[in-house]
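Trainee: What follows is a structure written as C-alpha cells; I'll ask about it next.
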There are 2 protein chains.
Amino acid sequence: MTRHETDTPLPEFQLDDFLPYLMAEIATKLSDELAQGYREAGLSMPQWRVMVHLSHAGPVSVRDIERRVSLERPKVSRAAAALEQAGLVTKRPDPSDGRLIALSLTPVGRELMAKLLPRAIAYQSDLETLLGRDLEGLRRGMDKLLTKKAAQ
Amino acid sequence: MTRHETDTPLPEFQLDDFLPYLMAEIATKLSDELAQGYREAGLSMPQWRVMVHLSHAGPVSVRDIERRVSLERPKVSRAAAALEQAGLVTKRPDPSDGRLIALSLTPVGRELMAKLLPRAIAYQSDLETLLGRDLEGLRRGMDKLLTKKAAQ
DNA sequence: CAAAACACGTTTCATTTGCAACGATAAAGC
DNA sequence: GCTTTATCGTTGCAAATGAAACGTGTTTTG
C-alpha cells in the first residue's frame, strides 16, 4: 500500500494513555459498581446523590443541592419530586423565603440511608485497600485536577 | 430540636471525599475542557473517539471500535453515519466478511485530525506538567482501579 | 413605594442515551 | 447440506438529559 500525497501524517496518539479518557472509564466503572448498592432500592444516581446530601445536612433547598453535589437544577428538582413520591423525602416551603423549598429525609428515607451508606463506605474502604500506598498520590493528583482552573 | 425515637442514626459520609464521586467530577471536567478542542469542528464526543481510533488504525469495523474505545454499538454506528455524512469517514463493506463494515478516514478527515490531535496531546502535556511528581502515583492508582475485577 | 432586576424551582422541548428488537451474514452442530 | 446458533450493524422506542422559558417570590433601585 503506497503513500499518497494526500495522506496527511498524524501524530502518535494512544487513547488508552489519555487521561480524560481513562478518567471517564474509571468514573463509569466505579459509578456502575456503586450503583449496584442503591439501584436495588429503586434509586437513580441523581436521587442517590440527593439522598446522600440530605443525610448529612439539615433541611436544604434545591439550589443548595445543586451546588454541593453538582447536579443541574432540573435534575435535582426531578429527583426530589420522585423521592417525595416514594415517601423518602418531604418538601416544604421555606418559611423565611417563599422561593425556597426545604427538603428533608422522612424517617423511611433515613432508614434506607442507614442501610445504604454503610455499603458505600465499605466500598470506599475496599477501594482504598486496593490502592494501598498509591492512594495518597492518587488523591493528591485528583485534587490538583479538580482545583485547577479551566484550561487556556 | 429534640431527637425523636424514629431518628435513625446515620454514619458520617462526605461526598466530596468519595472516590466514585470525585472521579465523576474530574472526568466531566477534563472531558469538557478537552471537548473545547473538537467541539468547534462539529464533533460530538462519540464522534471524536471514533475519529481518534481511526487515526491510528487501518480500516476497522464498528465492533472493533466498540471494544477499543468503549462505546456501545449504537453510538458507534450513529457516530459513523454522521461522520460519513460530514465527509470525514468512508464506510465500505468488508470483502472477506459480509457482516463487517470497514471504516476509514477520508483525506479531509485525516486533515482534521492532523489539526485536532496535537491539541489533545498538548492538553495531556499540560495535565502532566500540572501533576508533576504525583503523575506516577495517579497513573498507578488509576491502573489498579481500571484493572480490578468488579466488586463482590 | 413602584418598577426593574434578580433568584428559585418547575416545566417544556429538542436532543441524546441505552436496550431490545430486527434483517442479514457467517459459523457450528447434526 | 441443512438447520440452528451466533455475530454484525442498524433502527425503534422509551427514558434521561440539558438549555431555555415560565411563574412566582424577593431584592434592589430610583
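Letters A, B, ... go to the chains of the C-alpha cells in the order shown; residues in each chain start at 1; ligands are counted from 1 in the same order.
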Residues of chain A near chain B: apply a cut-off of 8 Å, count only C-alpha atoms, and supply the list as a PyMOL selection string.

Mentor: chain A and resi 6-13+15+18-31+33-34+52-53+55-56+69+107+110-111+113-114+117-118+121+124+127+130-131+134-142+144-146+150-151

Trainee: Please determine the contact residues of chain C with respect to chain A at a cut-off of 10 Å, counting only C-alpha atoms (C1' of nucleotides), and supply them as a ChimeraX atom specification.

Mentor: /C:7-11

Trainee: Take the residues from that selection and write them out as a short mmCIF file (atom, residue, chain, number, x, y, z; two decimals), in the first residue's frame, keeping C-alpha atoms (C1' of nucleotides).

Mentor:
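Dumped everything to part_27.cif:
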```cif
data_model
loop_
_atom_site.label_atom_id
_atom_site.label_comp_id
_atom_site.auth_asym_id
_atom_site.auth_seq_id
_atom_site.Cartn_x
_atom_site.Cartn_y
_atom_site.Cartn_z
"C1'" DA C 7 -33.29 34.21 42.26
"C1'" DC C 8 -35.69 29.85 42.90
"C1'" DG C 9 -37.99 25.77 41.38
"C1'" DT C 10 -40.63 23.70 37.70
"C1'" DT C 11 -41.76 22.63 33.17
#
```

Trainee: If you measure from C1' of DA21 (chain D) to CA of Ala41 (chain B), what distance in Å do you get, rounded to one decimal?

Mentor: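 Separation of C1' of DA21 (chain D) and CA of Ala41 (chain B): 29.0 Å.
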
Trainee: Residues of chain D within 9 Å of chain B, counting only C-alpha atoms (C1' of nucleotides), what are they? List them as a PyMOL selection string.

Mentor: chain D and resi 7-10

Trainee: For a quick check of understanding, using only C-alpha atoms (C1' of nucleotides), which of C:DC13, C:DA20, C:DA27, C:DA5 has the smallest distance to DT27 (chain D)?

Mentor: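 Closest residue, counting only C-alpha atoms (C1' of nucleotides): C:DA5.
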
Trainee: Give the strand (DSSP E) residues of region 18-126 of chain B, as DSSP finds them on the backbone, and put them as a ChimeraX atom specification.

Mentor: /B:89-93,101-105

Trainee: Please produce a file of those selected residues containing C-alpha atoms, as a PDB file, in the first residue's frame.

Mentor:
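Resulting contents of selection-v4.pdb:
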```pdb
ATOM      1  CA  VAL B  89     -15.125   8.894   7.090  1.00  0.00           C
ATOM      2  CA  THR B  90     -15.879   6.283   4.466  1.00  0.00           C
ATOM      3  CA  LYS B  91     -17.869   3.116   5.047  1.00  0.00           C
ATOM      4  CA  ARG B  92     -17.276   0.139   2.770  1.00  0.00           C
ATOM      5  CA  PRO B  93     -18.397  -3.448   3.133  1.00  0.00           C
ATOM      6  CA  ILE B 101     -18.051  -2.698   7.614  1.00  0.00           C
ATOM      7  CA  ALA B 102     -14.667  -1.137   7.054  1.00  0.00           C
ATOM      8  CA  LEU B 103     -14.389   2.401   8.347  1.00  0.00           C
ATOM      9  CA  SER B 104     -11.541   4.666   7.254  1.00  0.00           C
ATOM     10  CA  LEU B 105     -10.687   8.324   7.396  1.00  0.00           C
TER      11      LEU B 105
END
```
